[in-house]
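Asks: My structure is stored as target.cif, with mmCIF, C-alpha atoms and all ligand atoms.
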data_work
loop_
_atom_site.label_atom_id
_atom_site.label_comp_id
_atom_site.auth_asym_id
_atom_site.auth_seq_id
_atom_site.Cartn_x
_atom_site.Cartn_y
_atom_site.Cartn_z
CA MET A 147 0.00 0.00 0.00
CA GLU A 148 1.22 3.53 -0.82
CA VAL A 149 0.06 6.39 1.38
CA LEU A 150 0.06 10.19 1.01
CA VAL A 151 -0.09 12.14 4.29
CA ILE A 152 -1.39 15.72 4.08
CA GLY A 153 -0.13 18.27 6.60
CA SER A 154 3.05 19.72 8.04
CA GLY A 155 2.97 19.37 11.83
CA ALA A 156 4.42 17.04 14.44
CA ARG A 157 1.13 15.12 14.27
CA GLU A 158 1.87 14.38 10.61
CA HIS A 159 5.49 13.49 11.45
CA ALA A 160 4.11 10.95 13.97
CA LEU A 161 1.65 9.60 11.38
CA VAL A 162 4.42 9.25 8.78
CA ARG A 163 6.67 7.39 11.23
CA ALA A 164 3.90 5.05 12.31
CA LEU A 165 2.97 4.32 8.69
CA LEU A 166 6.63 3.66 7.80
CA ASP A 167 6.70 1.10 10.65
CA ASP A 168 3.73 -0.77 9.16
CA PRO A 169 5.00 -3.77 7.14
CA GLY A 170 1.86 -3.47 4.98
CA VAL A 171 2.90 0.01 3.81
CA ASP A 172 5.41 0.15 0.94
CA ARG A 173 5.76 3.89 0.50
CA VAL A 174 4.81 7.05 2.38
CA VAL A 175 4.87 10.52 0.82
CA ALA A 176 4.04 13.71 2.74
CA ALA A 177 2.72 17.00 1.43
CA PRO A 178 3.77 19.63 2.19
CA GLY A 179 5.60 18.05 5.17
CA ASN A 180 8.41 19.82 7.02
CA ALA A 181 12.18 19.58 7.44
CA GLY A 182 11.96 16.61 9.85
CA ILE A 183 9.48 14.64 7.77
CA ALA A 184 11.76 15.21 4.76
CA LEU A 185 14.50 13.25 6.56
CA VAL A 186 12.37 10.07 6.57
CA ALA A 187 10.04 10.37 3.56
CA PRO A 188 9.76 12.18 0.22
CA VAL A 189 7.84 15.46 0.50
CA GLU A 190 5.85 17.26 -2.19
CA PRO A 191 4.76 20.89 -2.18
CA VAL A 192 0.99 21.36 -2.09
CA GLU A 193 -1.61 23.85 -0.90
CA ALA A 194 -3.09 21.46 1.70
CA ALA A 195 -6.50 23.18 1.81
CA ASP A 196 -6.95 23.11 -1.99
CA PRO A 197 -9.09 20.03 -2.74
CA ALA A 198 -8.30 19.93 -6.48
CA ALA A 199 -4.56 20.28 -5.87
CA VAL A 200 -4.47 17.48 -3.28
CA ALA A 201 -6.57 15.15 -5.44
CA ALA A 202 -4.33 15.85 -8.47
CA LEU A 203 -1.22 15.12 -6.42
CA ALA A 204 -2.68 11.84 -5.13
CA VAL A 205 -3.52 10.79 -8.69
CA ARG A 206 -0.08 11.79 -10.00
CA LEU A 207 1.67 9.81 -7.22
CA GLY A 208 -0.66 6.85 -7.74
CA VAL A 209 -1.15 6.29 -3.99
CA ASP A 210 -3.76 3.90 -2.58
CA LEU A 211 -4.70 5.97 0.44
CA VAL A 212 -4.62 9.64 1.44
CA VAL A 213 -4.50 10.48 5.18
CA VAL A 214 -5.51 14.07 5.97
CA GLY A 215 -4.00 15.52 9.16
CA PRO A 216 -5.34 19.06 9.75
CA GLU A 217 -8.91 20.39 9.90
CA ALA A 218 -8.76 23.15 7.29
CA PRO A 219 -8.37 20.76 4.31
CA LEU A 220 -11.21 18.57 5.62
CA VAL A 221 -13.55 21.51 6.06
CA ALA A 222 -12.55 22.68 2.55
CA GLY A 223 -13.55 19.31 1.04
CA VAL A 224 -10.18 17.63 0.41
CA ALA A 225 -11.52 14.18 1.38
CA ASP A 226 -14.48 14.59 -1.02
CA ALA A 227 -12.16 15.55 -3.90
CA VAL A 228 -9.76 12.65 -3.26
CA ARG A 229 -12.63 10.15 -3.14
CA ALA A 230 -14.16 11.65 -6.28
CA ALA A 231 -10.81 10.94 -7.98
CA GLY A 232 -11.24 7.27 -7.07
CA ILE A 233 -8.70 7.14 -4.22
CA ALA A 234 -9.48 6.03 -0.66
CA CYS A 235 -9.20 8.80 1.91
CA PHE A 236 -8.92 8.73 5.69
CA GLY A 237 -10.85 11.82 6.78
CA PRO A 238 -14.46 12.98 6.79
CA SER A 239 -16.32 14.79 4.02
CA ALA A 240 -16.70 18.56 4.27
CA GLN A 241 -20.28 18.11 5.46
CA ALA A 242 -19.26 15.68 8.20
CA ALA A 243 -16.25 17.84 9.20
CA ARG A 244 -18.77 20.49 10.28
CA LEU A 245 -18.71 18.65 13.62
CA GLU A 246 -15.45 20.57 14.09
CA GLY A 247 -16.07 23.47 11.73
CA SER A 248 -19.18 24.75 13.52
CA LYS A 249 -19.64 24.49 17.26
CA ALA A 250 -23.36 25.25 16.83
CA PHE A 251 -23.72 22.31 14.43
CA ALA A 252 -21.88 20.02 16.86
CA LYS A 253 -24.25 21.08 19.65
CA GLU A 254 -27.27 20.38 17.47
CA VAL A 255 -26.00 16.88 16.59
CA MET A 256 -25.26 16.15 20.24
CA ALA A 257 -28.76 17.24 21.22
CA SER A 258 -30.28 14.92 18.57
CA ALA A 259 -28.08 12.03 19.71
CA ALA A 260 -28.59 12.67 23.46
CA VAL A 261 -24.84 13.05 24.03
CA PRO A 262 -23.87 14.77 27.32
CA THR A 263 -22.32 18.23 26.78
CA ALA A 264 -22.29 21.70 28.33
CA MET A 265 -25.58 23.61 28.10
CA ALA A 266 -25.16 26.34 25.51
CA HIS A 267 -26.85 29.30 23.83
CA LEU A 268 -26.13 30.34 20.25
CA CYS A 269 -26.15 34.14 20.23
CA THR A 270 -26.24 36.60 17.35
CA SER A 271 -26.40 39.87 19.31
CA GLU A 272 -24.68 41.44 22.30
CA GLU A 273 -27.96 41.50 24.23
CA GLU A 274 -28.36 37.75 23.80
CA VAL A 275 -24.77 37.22 24.94
CA ALA A 276 -25.30 39.34 28.05
CA ALA A 277 -28.46 37.42 28.94
CA ALA A 278 -26.71 34.05 28.44
CA LEU A 279 -23.71 35.12 30.55
CA ASP A 280 -26.03 36.05 33.38
CA ALA A 281 -28.12 32.90 33.04
CA PHE A 282 -25.08 30.60 33.35
CA GLY A 283 -23.06 32.73 35.79
CA ALA A 284 -19.26 32.82 36.16
CA PRO A 285 -16.84 31.44 35.10
CA HIS A 286 -17.96 32.46 31.62
CA VAL A 287 -17.25 30.44 28.48
CA VAL A 288 -17.51 32.26 25.13
CA LYS A 289 -16.68 30.54 21.84
CA ASP A 290 -16.34 31.67 18.28
CA ASP A 291 -18.68 29.46 16.22
CA GLY A 292 -16.13 28.73 13.48
CA LEU A 293 -12.58 27.36 13.20
CA ALA A 294 -10.07 29.40 15.20
CA ALA A 295 -7.04 27.11 15.72
CA GLY A 296 -7.70 26.75 19.44
CA LYS A 297 -7.75 30.50 19.97
CA GLY A 298 -11.47 31.19 19.60
CA VAL A 299 -12.42 30.29 23.18
CA VAL A 300 -12.26 32.55 26.20
CA VAL A 301 -12.86 31.18 29.70
CA THR A 302 -12.95 33.98 32.27
CA SER A 303 -14.67 35.17 35.41
CA ASP A 304 -14.44 38.74 34.12
CA ARG A 305 -17.83 39.59 32.56
CA GLU A 306 -16.37 42.52 30.62
CA GLN A 307 -13.66 40.33 29.07
CA ALA A 308 -16.28 37.72 28.12
CA LEU A 309 -18.40 40.43 26.47
CA ALA A 310 -15.40 41.90 24.66
CA HIS A 311 -14.50 38.49 23.17
CA ALA A 312 -18.14 37.95 22.15
CA ARG A 313 -18.19 41.37 20.47
CA ALA A 314 -15.05 40.51 18.47
CA CYS A 315 -16.58 37.17 17.36
CA LEU A 316 -19.97 38.71 16.51
CA ALA A 317 -18.23 40.91 13.96
CA HIS A 318 -17.94 37.85 11.68
CA GLY A 319 -20.57 35.36 12.88
CA PRO A 320 -22.53 33.84 15.74
CA VAL A 321 -21.04 33.08 19.15
CA VAL A 322 -21.70 30.24 21.56
CA VAL A 323 -22.02 30.98 25.29
CA GLU A 324 -21.99 27.93 27.51
CA GLU A 325 -21.94 26.65 31.05
CA PHE A 326 -18.52 26.13 32.64
CA LEU A 327 -17.48 22.49 32.99
CA ASP A 328 -15.35 21.66 36.00
CA GLY A 329 -13.05 18.64 36.08
CA PRO A 330 -10.02 17.20 34.26
CA GLU A 331 -9.97 17.21 30.47
CA VAL A 332 -9.18 14.18 28.33
CA SER A 333 -8.88 13.53 24.61
CA VAL A 334 -10.21 10.28 23.18
CA PHE A 335 -9.74 9.61 19.46
CA CYS A 336 -12.42 7.36 18.02
CA LEU A 337 -11.68 5.78 14.64
CA THR A 338 -14.74 5.15 12.51
CA ASP A 339 -15.69 4.06 9.01
CA GLY A 340 -19.08 5.76 9.35
CA GLU A 341 -20.60 2.80 11.18
CA SER A 342 -18.17 0.87 13.43
CA VAL A 343 -16.16 2.70 16.08
CA ILE A 344 -12.85 1.86 17.80
CA ALA A 345 -11.32 4.14 20.46
CA LEU A 346 -7.60 4.78 20.77
CA ALA A 347 -5.97 5.08 24.20
CA PRO A 348 -7.02 8.25 26.07
CA ALA A 349 -4.50 11.09 26.38
CA GLN A 350 -4.32 14.42 28.14
CA ASP A 351 -3.20 17.63 26.49
CA PHE A 352 -1.83 20.83 28.12
CA LYS A 353 -3.42 23.76 26.31
CA ARG A 354 -2.11 26.75 28.24
CA ALA A 355 1.19 28.34 27.27
CA LEU A 356 2.70 28.50 30.76
CA GLU A 357 3.38 26.15 33.67
CA HIS A 358 0.56 25.42 36.13
CA ASP A 359 -1.95 26.06 33.34
CA GLU A 360 -1.41 29.78 33.20
CA GLY A 361 -1.15 32.08 30.21
CA PRO A 362 -3.11 32.04 26.97
CA ASN A 363 -4.59 28.99 25.21
CA THR A 364 -2.35 27.44 22.56
CA GLY A 365 -2.61 24.61 20.06
CA GLY A 366 -1.16 22.36 22.81
CA MET A 367 2.15 22.45 24.73
CA GLY A 368 2.46 18.77 25.67
CA ALA A 369 0.58 15.54 26.25
CA TYR A 370 0.82 12.12 27.88
CA SER A 371 -0.75 8.69 27.77
CA PRO A 372 -1.90 6.53 29.56
CA LEU A 373 -3.91 8.37 32.21
CA PRO A 374 -3.35 6.35 35.40
CA TRP A 375 -5.96 8.39 37.30
CA ALA A 376 -8.81 7.96 34.80
CA PRO A 377 -11.49 5.24 34.96
CA ALA A 378 -10.23 2.02 33.35
CA ASP A 379 -13.29 1.88 31.09
CA LEU A 380 -13.05 5.52 29.94
CA ALA A 381 -12.49 4.67 26.27
CA GLU A 382 -15.47 2.29 26.24
CA GLN A 383 -17.67 4.88 27.96
CA VAL A 384 -16.74 7.41 25.29
CA VAL A 385 -17.52 4.95 22.50
CA GLU A 386 -20.88 3.98 24.01
CA ARG A 387 -22.11 7.35 25.22
CA VAL A 388 -20.53 9.75 22.72
CA ALA A 389 -18.93 8.40 19.56
CA ARG A 390 -21.39 5.68 18.56
CA PRO A 391 -24.48 7.88 19.02
CA VAL A 392 -22.85 10.73 17.07
CA VAL A 393 -21.67 8.44 14.25
CA ALA A 394 -25.18 6.92 14.04
CA GLU A 395 -26.79 10.38 14.01
CA MET A 396 -24.48 11.56 11.21
CA ALA A 397 -25.32 8.44 9.16
CA ARG A 398 -29.04 8.98 9.80
CA ARG A 399 -28.71 12.51 8.40
CA GLY A 400 -27.15 11.15 5.21
CA THR A 401 -23.75 12.70 6.01
CA PRO A 402 -21.79 9.78 7.47
CA PHE A 403 -18.67 10.66 9.44
CA ALA A 404 -15.63 8.50 8.58
CA GLY A 405 -12.15 9.22 9.91
CA VAL A 406 -11.24 10.14 13.45
CA LEU A 407 -13.77 11.73 15.77
CA TYR A 408 -11.69 13.54 18.36
CA CYS A 409 -13.75 13.70 21.55
CA GLY A 410 -12.52 16.46 23.87
CA LEU A 411 -14.16 15.75 27.22
CA ALA A 412 -14.40 17.06 30.75
CA LEU A 413 -14.74 14.44 33.49
CA THR A 414 -17.06 16.39 35.76
CA SER A 415 -18.53 15.37 39.12
CA ARG A 416 -21.76 14.70 37.18
CA GLY A 417 -20.06 12.40 34.67
CA LEU A 418 -18.35 12.93 31.34
CA ARG A 419 -19.32 15.87 29.16
CA VAL A 420 -18.19 16.73 25.62
CA ILE A 421 -16.29 20.02 25.41
CA GLU A 422 -15.67 19.84 21.69
CA PHE A 423 -15.35 17.57 18.69
CA ASN A 424 -12.59 17.71 16.17
CA ALA A 425 -12.71 15.91 12.84
CA ARG A 426 -9.02 14.90 12.90
CA PHE A 427 -6.25 13.63 15.16
CA GLY A 428 -5.20 15.96 17.99
CA ASP A 429 -1.80 17.59 18.09
CA PRO A 430 0.18 16.89 20.32
CA GLU A 431 -1.87 13.95 21.71
CA THR A 432 -1.33 11.88 18.54
CA GLN A 433 2.40 11.90 19.19
CA VAL A 434 1.94 9.99 22.49
CA VAL A 435 -0.97 7.79 21.42
CA LEU A 436 0.85 6.50 18.32
CA ALA A 437 4.02 5.96 20.37
CA ARG A 438 2.02 3.37 22.34
CA LEU A 439 0.07 1.72 19.51
CA ALA A 440 1.43 -1.74 18.65
CA THR A 441 -1.07 -2.55 15.85
CA PRO A 442 0.22 -1.43 12.42
CA LEU A 443 -1.47 1.89 11.69
CA GLY A 444 -1.88 1.78 7.91
CA VAL A 445 -4.15 -1.25 7.93
CA VAL A 446 -6.50 0.37 10.45
CA LEU A 447 -6.70 3.75 8.67
CA ASP A 448 -7.27 1.96 5.37
CA ALA A 449 -10.11 -0.07 6.95
CA CYS A 450 -11.74 3.20 8.12
CA ALA A 451 -11.44 4.67 4.62
CA ARG A 452 -12.96 1.59 2.97
CA GLY A 453 -15.84 0.87 5.37
CA ALA A 454 -14.17 -2.29 6.69
CA LEU A 455 -13.53 -1.42 10.33
CA ALA A 456 -15.92 -4.07 11.71
CA ALA A 457 -13.54 -6.79 10.51
CA GLN A 458 -10.55 -5.30 12.39
CA PRO A 459 -9.24 -7.25 15.40
CA PRO A 460 -8.97 -5.27 18.67
CA LEU A 461 -6.05 -2.85 18.77
CA ARG A 462 -2.90 -3.86 20.65
CA TRP A 463 -1.00 -1.45 22.91
CA ARG A 464 2.54 -1.37 24.25
CA GLU A 465 3.05 -1.40 28.02
CA ASP A 466 5.10 1.79 27.70
CA ALA A 467 3.99 5.23 28.75
CA ALA A 468 4.66 8.23 26.50
CA VAL A 469 5.11 11.95 27.20
CA THR A 470 5.59 14.70 24.64
CA VAL A 471 6.79 18.23 25.30
CA VAL A 472 6.44 20.99 22.70
CA LEU A 473 9.30 23.37 22.04
CA ALA A 474 7.71 26.69 21.04
CA ALA A 475 9.23 29.66 19.25
CA PRO A 476 9.90 32.88 21.18
CA GLY A 477 6.70 34.92 21.33
CA TYR A 478 4.37 31.92 20.81
CA PRO A 479 1.35 31.97 20.88
CA GLN A 480 0.86 35.75 20.45
CA GLN A 481 3.61 36.63 17.97
CA PRO A 482 5.98 33.76 17.24
CA ARG A 483 9.36 34.77 15.85
CA THR A 484 10.64 32.34 13.24
CA GLY A 485 14.00 31.79 11.56
CA GLY A 486 15.95 30.69 14.68
CA VAL A 487 18.63 28.04 14.10
CA LEU A 488 18.04 24.69 15.81
CA HIS A 489 20.99 22.95 17.46
CA GLY A 490 21.42 19.51 18.98
CA LEU A 491 18.67 17.68 17.08
CA GLU A 492 20.82 14.60 16.44
CA GLU A 493 22.01 14.46 20.05
CA ALA A 494 18.40 14.62 21.23
CA GLU A 495 17.28 11.91 18.81
CA ALA A 496 20.12 9.69 20.08
CA VAL A 497 18.66 9.58 23.61
CA ALA A 498 17.28 6.05 24.10
CA GLY A 499 13.46 6.09 23.94
CA ALA A 500 13.29 9.63 22.50
CA ALA A 501 11.89 10.85 19.18
CA VAL A 502 12.20 14.39 17.88
CA LEU A 503 9.11 15.17 15.81
CA HIS A 504 9.16 18.33 13.75
CA ALA A 505 6.36 20.89 13.45
CA GLY A 506 7.39 24.40 12.37
CA THR A 507 10.79 23.64 10.86
CA ALA A 508 12.38 24.34 7.49
CA PRO A 509 15.80 23.91 5.91
CA ALA A 510 18.05 26.88 6.65
CA PRO A 511 18.23 29.36 3.73
CA ASP A 512 21.93 28.47 3.25
CA ALA A 513 21.03 24.73 3.40
CA THR A 514 23.41 24.10 6.32
CA GLY A 515 20.87 23.17 8.95
CA ILE A 516 17.31 23.54 10.17
CA VAL A 517 15.52 26.69 11.31
CA SER A 518 12.21 27.35 13.03
CA SER A 519 9.34 28.31 10.72
CA GLY A 520 6.28 28.23 12.98
CA GLY A 521 4.95 28.76 16.52
CA ARG A 522 5.20 25.17 17.65
CA VAL A 523 8.64 24.08 16.45
CA LEU A 524 9.21 20.56 17.76
CA SER A 525 7.36 17.91 19.72
CA VAL A 526 9.87 15.81 21.65
CA VAL A 527 8.50 12.41 22.66
CA GLY A 528 9.85 10.21 25.45
CA THR A 529 8.75 6.64 26.11
CA GLY A 530 9.49 4.58 29.21
CA ALA A 531 8.15 1.97 31.60
CA ASP A 532 5.96 4.57 33.32
CA LEU A 533 5.16 8.28 33.03
CA ALA A 534 8.05 9.27 35.30
CA ALA A 535 10.53 7.40 33.10
CA ALA A 536 8.94 8.76 29.90
CA ARG A 537 9.17 12.33 31.26
CA GLU A 538 12.81 11.86 32.07
CA VAL A 539 13.55 10.74 28.51
CA ALA A 540 11.57 13.59 26.93
CA TYR A 541 13.18 16.29 29.07
CA ASP A 542 16.66 14.76 28.71
CA ALA A 543 16.29 14.95 24.92
CA LEU A 544 14.83 18.45 25.03
CA GLU A 545 17.70 19.76 27.17
CA ARG A 546 20.07 18.86 24.33
CA ILE A 547 18.23 21.08 21.83
CA GLY A 548 19.07 24.74 21.41
CA LEU A 549 16.75 27.42 19.99
CA GLU A 550 17.36 31.00 21.02
CA GLY A 551 14.37 32.29 22.97
CA GLY A 552 12.53 28.97 22.58
CA HIS A 553 10.34 27.91 25.49
CA PHE A 554 8.64 24.79 26.81
CA ARG A 555 6.65 23.78 29.88
CA ARG A 556 8.53 21.81 32.52
CA ASP A 557 5.41 20.42 34.15
CA ILE A 558 4.00 18.19 31.39
CA ALA A 559 2.60 15.01 33.05
CA GLU A 560 4.28 15.99 36.33
CA ARG A 561 1.23 15.55 38.51
CA ALA A 562 0.09 12.35 36.79
CA ALA A 563 3.60 10.87 37.12
CA ALA A 564 3.60 11.71 40.82
CA GLY A 565 0.27 9.92 41.26
CA VAL A 566 -1.63 13.16 41.87
CA LEU A 567 -5.01 13.27 40.17
CA ALA A 568 -4.97 15.09 36.76
P1 LIG A 601 -12.45 24.20 22.63
O1 LIG A 601 -11.84 24.93 21.46
O2 LIG A 601 -13.93 24.13 22.61
O3 LIG A 601 -11.77 22.89 22.88
O4 LIG A 601 -12.02 25.01 23.92
C1 LIG A 601 -10.65 25.22 24.24
C2 LIG A 601 -10.44 25.03 25.71
O5 LIG A 601 -11.28 25.93 26.46
C3 LIG A 601 -10.83 23.66 26.22
O6 LIG A 601 -9.81 22.73 26.06
C4 LIG A 601 -11.10 23.94 27.68
O7 LIG A 601 -9.91 24.01 28.41
C5 LIG A 601 -11.72 25.30 27.64
N1 LIG A 601 -13.19 25.14 27.61
C6 LIG A 601 -13.96 25.09 26.52
N2 LIG A 601 -15.27 24.93 26.86
C7 LIG A 601 -15.32 24.87 28.19
C8 LIG A 601 -16.39 24.73 29.16
N3 LIG A 601 -17.67 24.63 28.80
N4 LIG A 601 -16.05 24.70 30.46
C9 LIG A 601 -14.76 24.82 30.84
N5 LIG A 601 -13.72 24.98 30.00
C10 LIG A 601 -13.97 25.00 28.69
N1 LIG A 602 -4.49 19.32 21.08
C1 LIG A 602 -5.65 20.01 20.73
C2 LIG A 602 -6.05 19.89 19.34
O1 LIG A 602 -5.45 19.18 18.56
O2 LIG A 602 -7.04 20.50 18.97
#
Could I get this file's structure written as structure tokens?
Replies:
Amino acid sequence: MEVLVIGSGAREHALVRALLDDPGVDRVVAAPGNAGIALVAPVEPVEAADPAAVAALAVRLGVDLVVVGPEAPLVAGVADAVRAAGIACFGPSAQAARLEGSKAFAKEVMASAAVPTAMAHLCTSEEEVAAALDAFGAPHVVKDDGLAAGKGVVVTSDREQALAHARACLAHGPVVVEEFLDGPEVSVFCLTDGESVIALAPAQDFKRALEHDEGPNTGGMGAYSPLPWAPADLAEQVVERVARPVVAEMARRGTPFAGVLYCGLALTSRGLRVIEFNARFGDPETQVVLARLATPLGVVLDACARGALAAQPPLRWREDAAVTVVLAAPGYPQQPRTGGVLHGLEEAEAVAGAAVLHAGTAPAPDATGIVSSGGRVLSVVGTGADLAAAREVAYDALERIGLEGGHFRRDIAERAAAGVLA
């Protein structure tokens, strides 16, 4: 089988590596990829969110399967275009990707499918927002309805700040005001072919820029798996109570969802609640989940793309724990400065149990090395017998890497490794 992976982040680097490890996969090509992916697989330039361009590339390469990493291409209809060209695609149609692309649509589907989530009001005026804020009380949660790369949500006890964010969102569309959900957050990726559902191992992501969950929201600063503090049957609960009902509801509407349904959940004192859906793998959680997956990945993604998931045997997992820590560019997330030279990548990769996955990297202009080209630069993964050992590996590798002004959180998985609840 020959596979084309669309995207350019550390998530895609992890997907490429896992696919290369699958004996059933003969060739992996990435587009557009990044400097790290280019070290292990051929890369092709492409405008990832241009459906016709991606489909044409897949046809030209003659691949058997296209795996789409990020949300923007899915929402733009890349999976539809690839399938229309007669090639199997792992990733939902544009219509099904609305589960991520519109928070209001996701709420409506959850209501139809009786899936537990935060109570919410869709507001189109400032007066409606003010009434909803007062009805739910503080802390306030205000969300942009559309895609915002993790930056469209404000959680605050300051009513004025909540209103100001709502005002900014209302300038281009509706806003969702919802009740605050208390409790640890988890990410559970559910693979589906539109009918059958299989959950991957749960992971936890660290969304805030600074230690102790302070600072602004980011795309994700680190992640770990497994979650020793979570209920042992968490993945099954998510399949039964969330993913299967949503997948059935999408099929009933004539817009089946096939690909990965990313369930972002809060484990509240009243039980699990959906915070959000994404229509793709999470970044950086994928880096730790795939580090633990023992089943060859290509076969499973291909089964999802071809409606054959029911015939798949249960997934197998390694005993190892995995922790990933993101190295971010100076100024991330507000105003990342790019172009910094990266040092020590080979030394870091040589640490036993470590993997250096690239996100925002590019070849240096003089072709002598690698420079940063995005906000999240690297995702350094450590594996070990338990979370404490995996942390040690990840941080040991990270300490060997130099990037002027680069920053990372030192507390990824710290509390879980110490046996303290989430
Ligand atoms: P979202 O883009 O919906 O995942 O929101 C980004 C982050 O905002 C989530 O990971 C949570 O940390 C926080 N958040 C979103 N909705 C809620 C909520 N209803 N209650 C508490 N925190 C929330
Ligand atoms: N890690 C959060 C996300 O991928 O949306």
Asks: I want to know what sits within 6 Å of Ala440 (chain A), based on only C-alpha atoms, with residues of the same chain fewer than 5 positions away left out; could you give that as a list of chain:residue names?
Replies: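 Listed by chain and then number, they are A:Arg462, A:Trp463, A:Arg464.
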Asks: Between CA of Gly477 (chain A) and CA of Val300 (chain A), what is the spacing in Å?
Replies: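 It comes out at 19.7 Å.
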Asks: So that each row is one residue of chain A with an atom at most 7 Å from ligand LIG 602 (chain A), can you give its shortest atom pair and the distance in Å to one decimal, using only C-alpha atoms and all ligand atoms, rows by chain and rising number, as JSON lines?
Replies:
{"residue": "A:Gly296", "atom": "CA", "partner": "A:LIG602", "partner_atom": "O2", "distance": 6.3}
{"residue": "A:Asp351", "atom": "CA", "partner": "A:LIG602", "partner_atom": "N1", "distance": 5.8}
{"residue": "A:Lys353", "atom": "CA", "partner": "A:LIG602", "partner_atom": "N1", "distance": 6.9}
{"residue": "A:Gly365", "atom": "CA", "partner": "A:LIG602", "partner_atom": "C1", "distance": 5.6}
{"residue": "A:Gly366", "atom": "CA", "partner": "A:LIG602", "partner_atom": "N1", "distance": 4.8}
{"residue": "A:Asn424", "atom": "CA", "partner": "A:LIG602", "partner_atom": "O2", "distance": 6.8}
{"residue": "A:Phe427", "atom": "CA", "partner": "A:LIG602", "partner_atom": "O1", "distance": 6.6}
{"residue": "A:Gly428", "atom": "CA", "partner": "A:LIG602", "partner_atom": "O1", "distance": 3.3}
{"residue": "A:Asp429", "atom": "CA", "partner": "A:LIG602", "partner_atom": "O1", "distance": 4.0}
{"residue": "A:Pro430", "atom": "CA", "partner": "A:LIG602", "partner_atom": "N1", "distance": 5.3}
{"residue": "A:Glu431", "atom": "CA", "partner": "A:LIG602", "partner_atom": "N1", "distance": 6.0}
Asks: Restricting the calculation to only C-alpha atoms: of A:Ala475, A:Ala369, A:Ile547, A:Leu165, which residue gets closest to Leu439 (chain A)?
Replies: A:Leu165
Asks: With all atoms listed in the file as the atoms that count, which of A:Ala535, A:Cys450, A:Val420, A:Ala187 lies nearest to ligand LIG 601 (chain A)?
Replies: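 Nearest to ligand LIG 601 (chain A): A:Val420.
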Asks: List every protein, DNA or RNA residue that has at least one atom no more than 9 Å from (-16.7, 9.3, 14.8) in the file's coordinates, counting only C-alpha atoms, and write the result as a ChimeraX atom specification.
Replies: /A:335-344,385,388-394,396,402-409,425
Asks: At a cut-off of 9 Å and counting all atoms listed in the file, what residues surround ligand LIG 601 (chain A)? Please answer as an MDAnalysis selection string.
Replies: chainID A and resid 249 263:266 285:290 293:301 323:332 351:354 363:364 410:412 419:424
Asks: Suppose you want the space between CA of Ala378 (chain A) and CA of Ala347 (chain A); what is it in Å?
Replies: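 Separation of CA of Ala378 (chain A) and CA of Ala347 (chain A): 10.5 Å.
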Asks: Tell me, counting all atoms listed in the file, for each residue of region 168-221 of chain A within 8 Å of region 240-243 of chain A, which pair of atoms is nearest and how far apart they are in Å to one decimal, in rows ordered by chain and increasing number, as CSV.
Replies:
residue,atom,partner,partner_atom,distance
A:Glu217,CA,A:Ala243,CA,7.8
A:Leu220,CA,A:Ala240,CA,5.7
A:Val221,CA,A:Ala240,CA,4.7
Asks: Do you have the CA of Ile558 (chain A)-CA of Val334 (chain A) distance handy?
Replies: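 Those two atoms sit 18.2 Å apart.
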Asks: Take the point (4.0, 1.5, 26.5) as written in the file and pick out every residue within 8 Å of it, counting only C-alpha atoms; give the list as an mmCIF file with C-alpha atoms, in the coordinates of the input.
Replies:
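So the final result, stored in selection-v2.cif, reads:
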data_model
loop_
_atom_site.group_PDB
_atom_site.id
_atom_site.type_symbol
_atom_site.label_atom_id
_atom_site.label_comp_id
_atom_site.auth_asym_id
_atom_site.auth_seq_id
_atom_site.Cartn_x
_atom_site.Cartn_y
_atom_site.Cartn_z
ATOM 1 C CA ALA A 437 4.020 5.960 20.370
ATOM 2 C CA ARG A 438 2.020 3.370 22.340
ATOM 3 C CA TRP A 463 -1.000 -1.450 22.910
ATOM 4 C CA ARG A 464 2.540 -1.370 24.250
ATOM 5 C CA GLU A 465 3.050 -1.400 28.020
ATOM 6 C CA ASP A 466 5.100 1.790 27.700
ATOM 7 C CA ALA A 467 3.990 5.230 28.750
ATOM 8 C CA ALA A 468 4.660 8.230 26.500
ATOM 9 C CA THR A 529 8.750 6.640 26.110
ATOM 10 C CA GLY A 530 9.490 4.580 29.210
ATOM 11 C CA ALA A 531 8.150 1.970 31.600
ATOM 12 C CA ASP A 532 5.960 4.570 33.320
#
Asks: Excluding region 309-320 of chain A and residues on its chain fewer than 5 positions from it, collect all residues at most 6 Å away from it, counting all atoms listed in the file, and give them as a short mmCIF file (atom, residue, chain, number, x, y, z; two decimals) with C-alpha atoms, keeping the file's coordinate frame.
Replies:
data_model
loop_
_atom_site.label_atom_id
_atom_site.label_comp_id
_atom_site.auth_asym_id
_atom_site.auth_seq_id
_atom_site.Cartn_x
_atom_site.Cartn_y
_atom_site.Cartn_z
CA CYS A 269 -26.15 34.14 20.23
CA THR A 270 -26.24 36.60 17.35
CA ASP A 290 -16.34 31.67 18.28
CA ASP A 291 -18.68 29.46 16.22
#
Asks: Which residue is closest to Ala474 (chain A)? Choose from A:Thr432, A:Gln458, A:Ser519, A:Thr441 and count all atoms listed in the file.
Replies: A:Ser519
Asks: Neighbouring residues of region 223-227 of chain A were defined as those with any atom within 12 Å, considering all atoms listed in the file; residues of the same chain fewer than 3 positions away were excluded. Please report them as a ChimeraX atom specification.
Replies: /A:151-153,193-205,211-220,230-244,247,401,403-405,425-426,451
Asks: Write out as JSON, numbers by chain which residues come within 12 Å of Asp557 (chain A) when counting only C-alpha atoms, dropping same-chain ones fewer than 5 positions away.
Replies: {"A": [351, 352, 354, 355, 356, 357, 358, 359, 360, 367, 368, 369, 370, 469, 470, 471, 472, 534, 537, 538, 540, 541, 562, 563, 564, 568]}
